[in-house]
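I have placed the structure first, in the form of structure tokens, so that the comments after it can refer back to it.
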Amino acid sequence: MSPSNEVVEDSSCCSSFSGNNGGIHGDCCVVCFGDCDGKECRRSYPHTCSSFAPGLGVVSLNNSEKLWRVLTASTKGFAIGAGIKGGLAVFSILAKLRRRSLRSARKVELFTNSEAITMAFNETLRYGFFLGTFAGTFVSVDEIVAALGGHRRTAKWRALLAGLIAGPSMLLTGPNTQHTSLAIYILMRAAVLASRCGIKSKRFGRICRPLAWKHGDIFLMCLSSSQILCSYILKQDSLPPSYKSFLNTHGGKDIAILQGVKDIASGMPFTNLETIEKCYSTMGINVKLDPEMKIPCSIIHGNQSCGAHFFTFLFQAYKRALPVYLPVYLIPALIVHRQGLLKRPYTILGKSLLGTARSSLFLSTYCSSAWAWTCLLFRIFKKCNIPMVALGTFPTGLALAIEKKSRRIELSLYCLARAIESFFTCMIDVGYLPQLKNLKRVDVVIFSLSTSIIMHCYAQEREVFRSKYLNVLDWVFGVPPPPCETPRCKDS
């Protein structure tokens with residue numbers, strides 16, 4: 001974060017005051033580097049590298065203190081990775097057990113549950129080691145480069161290099177496990193931070209100004225929805241297995257129904273109308289489908305009208321969405337607001353439950369409106385084809401307006417990452433980009449480049465981060481020194 005100059009009444013260019021940030025205690029110093037007239041000095045913050053004592057100059061930490069910083073960052077990184085992945089795995093297993101408890105118990109299901117628990121435990125450890133190694137590697141490289149090249153001389157590029165070297169820690173999640181979606185999402189986050197830096201800069205501010213459009217997040221969501229939902233209906237193989245499973249669950253339609261919509265949109269003859277009719281009969285609905293139909297409304301919602309189907313689906317989708325967002329809000333509340341949770345638990349938990357209800361309404365409205373918009377468009381134009389599906393799923397992203405502003409960019413970037421991955425997969429499958437098939441572990445390359453940008457912004461442009469992310473990063477890595485200033489101050 002670029003520090004602002006402050007006028008200091010005392011003629012001495014070094015004074016101290018106590019500070020606390022992110023659980024790291026230390027003295028903060030006002031330091032003059034000889035580029036002021038004795039009145040203007042720059043203020044530093046609680047730091048995490050070497051220390052500065054008034055009148056003594058820079059005091060380097062000994063090796064044991066540096067090693068302790070590495071171990072602390074690694075442990076905290078492991079705790080975050082294992083906590084998030086483990087929490088999501090627990091809720092996922094509980095949801096599966098609840099669904100299976102509604103069915104008749106079978107021995108094979110007990111074996112499947114045991115496998116699911118073992119897999120969840122292994123995944124939890126892998127993600128814990130991944131983030132723990134990333135944090136430890138970053139801090140290690142940061143300390144080594146600072147010791148060899150000097151803190152002030154390497155301040156502008158040290159975090160960039162450390163983030164780049166720490167990136168391949170992603171391989172610890174599994175040597176054959178591709179994380180393209182995660183890598184693209186982190187790339188989107190890096191692009192947002194870079195654009196914020198560009199907006200506030202004098203050189204690129206005018207060029208980057210359009211990126212600050214107020215409703216840009218909703219537009220990105222609409223754009224992403226068009227690709228994602230088209231792939232959900234027409235080409236599910238272009239989506240990651242976990243995300244495909246998520247869409248099939250919350251899309252609320254049997255695979256046979258999706259195949260029927262795909263056939264009519266692609267101009268192909270129907271191949272499974274009898275299967276669709278049997279699917280509805282198992283739900284107690286008697287449907288007779290016309291092989292000569294022009295629009296698939298009867299395939300999508302049987303004998304219901306389009307409007308009645310929207311409200312029925314909305315209620316069902318809301319019940320499916322609640323278990324998804326409970327861990328999304330409760331787990332970060334335990335990590336980010338760990339201190340405030342002890343002082344005002346009812347306030348924080350109340351906000352978490354309110355956020356869960358609001359986000360569940362967003363997801364249920366998103367899924368419901370996807371079918372409503374496509375049905376409306378099919379009825380207006382009296383036809384169904386691939387462009388109509390793409391056009392009909394575009395306004396689905398308007399449901400993002402239900403979410404609070406701070407979460408909109410998060411959701412739009414997440415969906416944009418999925419959409420980009422799906423788009424390029426489709427391009428590869430049709431033969432437009434065959435050379436991309438030969439690239440191995442491109443996700444690690446993308447992730448490493450992205451983390452180098454993010455960590456550079458963290459060290460040099462801290463104001464472009466939201467406070468909640470900054471608090472977590474400070475807790476793990478410690479507060480970095482402002483640009484061109486002395487390293488962290490040592491406790492007096």
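Simple scheme: letters A, B, ... for chains in structure tokens order, numbers from 1 for residues in each chain, numbers from 1 for ligands in the order shown.
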Which residues, written as a PDB file with C-alpha atoms, in the first residue's frame, have at least one atom at most 12 Å from Cys230 (chain A), with only C-alpha atoms counted and residues fewer than 6 positions away on the same chain left out?
```pdb
ATOM      1  CA  LEU A 223     -22.387 -13.456 -20.111  1.00  0.00           C
ATOM      2  CA  SER A 224     -21.157 -16.389 -18.046  1.00  0.00           C
ATOM      3  CA  GLN A 236     -22.188 -31.250 -20.285  1.00  0.00           C
ATOM      4  CA  ASP A 237     -18.832 -32.858 -21.088  1.00  0.00           C
ATOM      5  CA  SER A 238     -17.322 -29.373 -21.337  1.00  0.00           C
ATOM      6  CA  LEU A 239     -17.956 -28.810 -17.625  1.00  0.00           C
ATOM      7  CA  LEU A 247     -25.779 -28.085 -12.023  1.00  0.00           C
ATOM      8  CA  LEU A 258     -32.173 -32.404 -20.832  1.00  0.00           C
ATOM      9  CA  VAL A 261     -34.336 -30.319 -25.001  1.00  0.00           C
ATOM     10  CA  LYS A 262     -30.938 -30.912 -26.619  1.00  0.00           C
ATOM     11  CA  ALA A 265     -32.518 -27.422 -30.019  1.00  0.00           C
ATOM     12  CA  SER A 266     -30.007 -29.241 -32.220  1.00  0.00           C
ATOM     13  CA  ALA A 370     -33.229 -20.015 -16.356  1.00  0.00           C
ATOM     14  CA  TRP A 371     -36.169 -22.229 -17.315  1.00  0.00           C
ATOM     15  CA  THR A 374     -36.004 -19.924 -22.112  1.00  0.00           C
ATOM     16  CA  ASN A 385     -32.558 -23.748 -31.538  1.00  0.00           C
ATOM     17  CA  ILE A 386     -29.085 -23.267 -30.113  1.00  0.00           C
ATOM     18  CA  PRO A 387     -29.011 -19.441 -30.535  1.00  0.00           C
ATOM     19  CA  MET A 388     -32.378 -19.265 -28.772  1.00  0.00           C
ATOM     20  CA  VAL A 389     -31.015 -21.295 -25.864  1.00  0.00           C
ATOM     21  CA  ALA A 390     -27.978 -18.995 -25.617  1.00  0.00           C
ATOM     22  CA  LEU A 391     -30.144 -15.881 -25.810  1.00  0.00           C
ATOM     23  CA  GLY A 392     -32.694 -17.203 -23.343  1.00  0.00           C
ATOM     24  CA  THR A 393     -30.100 -18.069 -20.696  1.00  0.00           C
ATOM     25  CA  PHE A 394     -28.366 -14.670 -20.918  1.00  0.00           C
ATOM     26  CA  THR A 396     -30.635 -15.434 -16.060  1.00  0.00           C
ATOM     27  CA  ALA A 419     -17.554 -20.246 -18.467  1.00  0.00           C
ATOM     28  CA  SER A 422     -16.176 -24.554 -20.762  1.00  0.00           C
ATOM     29  CA  PHE A 423     -15.795 -22.290 -23.802  1.00  0.00           C
ATOM     30  CA  CYS A 426     -15.860 -26.658 -26.578  1.00  0.00           C
TER      31      CYS A 426
END
```
Quick one: pick out all alpha helix (DSSP H) residues within region 145-377 of chain A from a backbone DSSP run and write them as a ChimeraX atom specification.
/A:145-149,158-166,180-200,205-208,216-234,241-251,255-265,273-282,297-301,306-336,340-343,345-377
All residues 12 Å or closer to Ile255 (chain A), only C-alpha atoms, same chain fewer than 3 positions away omitted, as a list of chain:residue names
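Within the cut-off, the hits are A:Tyr232, A:Ile233, A:Leu234, A:Lys235, A:Gln236, A:Lys244, A:Ser245, A:Leu247, A:Asn248, A:Thr249, A:Gly251, A:Gly252, A:Leu258, A:Gln259, A:Gly260, A:Val261, A:Lys262, A:Asn272, A:Thr275, A:Ile276, A:Cys279, A:Ile299, A:Ile300.
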Can you pull out every residue within 10 Å of region 280-294 of chain A, counting only C-alpha atoms, but drop anything in the same chain fewer than 5 positions away, and send it as a list in words?
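Contacts, with the query itself left out: Asp254, Ile257, Ile264, Ala265, Gly267, Pro269, Phe270, Thr271, Leu273, Glu274, Thr275, Ile299, His301, Gly302, Asn303, Gln304, Phe378, Arg379, Lys382, Lys383, Cys384 and Asn385 of chain A.
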File dump, residues just selected, C-alpha atoms, as a short mmCIF file (atom, residue, chain, number, x, y, z; two decimals), in the first residue's frame:
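This went into selection_29.cif:
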```cif
data_model
loop_
_atom_site.label_atom_id
_atom_site.label_comp_id
_atom_site.auth_asym_id
_atom_site.auth_seq_id
_atom_site.Cartn_x
_atom_site.Cartn_y
_atom_site.Cartn_z
CA ASP A 254 -33.57 -35.47 -15.17
CA ILE A 257 -35.40 -34.25 -20.01
CA ILE A 264 -35.04 -30.29 -30.37
CA ALA A 265 -32.52 -27.42 -30.02
CA GLY A 267 -32.61 -30.04 -34.87
CA PRO A 269 -35.07 -36.31 -34.17
CA PHE A 270 -36.25 -37.26 -30.70
CA THR A 271 -34.64 -40.39 -29.30
CA LEU A 273 -39.66 -39.34 -25.59
CA GLU A 274 -40.83 -42.56 -23.97
CA THR A 275 -38.08 -42.27 -21.35
CA ILE A 299 -40.66 -31.61 -22.03
CA HIS A 301 -42.41 -28.90 -17.14
CA GLY A 302 -44.94 -31.52 -18.30
CA ASN A 303 -48.58 -30.45 -17.92
CA GLN A 304 -47.77 -27.33 -15.89
CA PHE A 378 -39.43 -20.19 -27.12
CA ARG A 379 -43.09 -19.15 -26.94
CA LYS A 382 -42.30 -20.25 -31.73
CA LYS A 383 -39.06 -22.15 -32.21
CA CYS A 384 -36.15 -23.66 -30.33
CA ASN A 385 -32.56 -23.75 -31.54
#
```
Provide the CA of Ser452 (chain A) to CA of Ser201 (chain A) distance in Å, to one decimal place.
19.8 Å
Can you tell me which residues surround Glu410 (chain A) at a distance of at most 9 Å, considering only C-alpha atoms, apart from same-chain residues fewer than 4 positions away, and format the answer as a list of chain:residue names?
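Listing them by chain and then by number gives A:Arg189, A:Asp217, A:Ser406, A:Tyr414, A:Cys415.
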Could the residues in this selection be saved with C-alpha atoms as a short mmCIF file (atom, residue, chain, number, x, y, z; two decimals), in the first residue's frame?
```
data_model
loop_
_atom_site.label_atom_id
_atom_site.label_comp_id
_atom_site.auth_asym_id
_atom_site.auth_seq_id
_atom_site.Cartn_x
_atom_site.Cartn_y
_atom_site.Cartn_z
CA ARG A 189 -9.01 -12.25 -9.09
CA ASP A 217 -20.56 -7.67 -12.27
CA SER A 406 -19.80 -7.17 -2.09
CA TYR A 414 -16.39 -17.61 -10.18
CA CYS A 415 -18.93 -18.23 -12.93
#
```
Taking only C-alpha atoms into account, which of A:Cys297, A:Leu413, A:Ala191, A:Ala120 comes nearest Ile446 (chain A)?
A:Ala191
Out of A:Ile84, A:Ile117, A:Ile409, A:Leu171, which residue has the shortest atom-to-atom distance to Val444 (chain A) when counting only C-alpha atoms?
A:Leu171
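When only C-alpha atoms are used to compute distances to Pro323 (chain A), the closest of the residues A:Leu220, A:Leu148, A:Leu88, A:Ile295 turns out to be A:Leu88.
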Let me make sure I understand: among A:Phe219, A:Tyr346, A:Phe78, A:Tyr325, which one has the smallest atom-to-atom distance to Leu400 (chain A) if we use only C-alpha atoms?
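Under the stated criterion, the closest residue is A:Phe219.
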Please identify all polymer residues within 12 Å of Met427 (chain A), counting only C-alpha atoms, omitting same-chain residues fewer than 6 positions from it, and present them as an MDAnalysis selection string.
chainID A and resid 235 238 420:421 433:437
Mind writing the picked residues with N, CA and C atoms as a PDB file, in the first residue's frame?
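Written file, result-v8.pdb:
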```
ATOM      1  N   LYS A 235     -24.013 -29.549 -23.879  1.00  0.00           N
ATOM      2  CA  LYS A 235     -22.711 -30.226 -23.890  1.00  0.00           C
ATOM      3  C   LYS A 235     -22.134 -30.269 -22.480  1.00  0.00           C
ATOM      4  N   SER A 238     -18.249 -30.512 -21.382  1.00  0.00           N
ATOM      5  CA  SER A 238     -17.322 -29.373 -21.337  1.00  0.00           C
ATOM      6  C   SER A 238     -17.200 -28.786 -19.936  1.00  0.00           C
ATOM      7  N   ILE A 420     -15.260 -19.637 -19.013  1.00  0.00           N
ATOM      8  CA  ILE A 420     -14.069 -19.608 -19.874  1.00  0.00           C
ATOM      9  C   ILE A 420     -13.536 -21.020 -20.091  1.00  0.00           C
ATOM     10  N   GLU A 421     -13.482 -21.801 -19.010  1.00  0.00           N
ATOM     11  CA  GLU A 421     -13.011 -23.181 -19.144  1.00  0.00           C
ATOM     12  C   GLU A 421     -13.919 -23.985 -20.073  1.00  0.00           C
ATOM     13  N   LEU A 433      -8.971 -25.309 -31.588  1.00  0.00           N
ATOM     14  CA  LEU A 433      -7.736 -25.072 -30.829  1.00  0.00           C
ATOM     15  C   LEU A 433      -7.081 -26.407 -30.469  1.00  0.00           C
ATOM     16  N   PRO A 434      -6.655 -27.172 -31.450  1.00  0.00           N
ATOM     17  CA  PRO A 434      -6.101 -28.506 -31.152  1.00  0.00           C
ATOM     18  C   PRO A 434      -4.784 -28.445 -30.389  1.00  0.00           C
ATOM     19  N   GLN A 435      -4.025 -27.345 -30.518  1.00  0.00           N
ATOM     20  CA  GLN A 435      -2.729 -27.260 -29.857  1.00  0.00           C
ATOM     21  C   GLN A 435      -2.844 -27.209 -28.340  1.00  0.00           C
ATOM     22  N   LEU A 436      -4.014 -26.781 -27.815  1.00  0.00           N
ATOM     23  CA  LEU A 436      -4.181 -26.710 -26.369  1.00  0.00           C
ATOM     24  C   LEU A 436      -4.225 -28.091 -25.724  1.00  0.00           C
ATOM     25  N   LYS A 437      -4.530 -29.126 -26.514  1.00  0.00           N
ATOM     26  CA  LYS A 437      -4.574 -30.477 -25.967  1.00  0.00           C
ATOM     27  C   LYS A 437      -3.194 -30.955 -25.525  1.00  0.00           C
TER      28      LYS A 437
END
```
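Taking CA of Ala308 (chain A) and CA of Lys404 (chain A) as endpoints, the distance between them is 27.9 Å.
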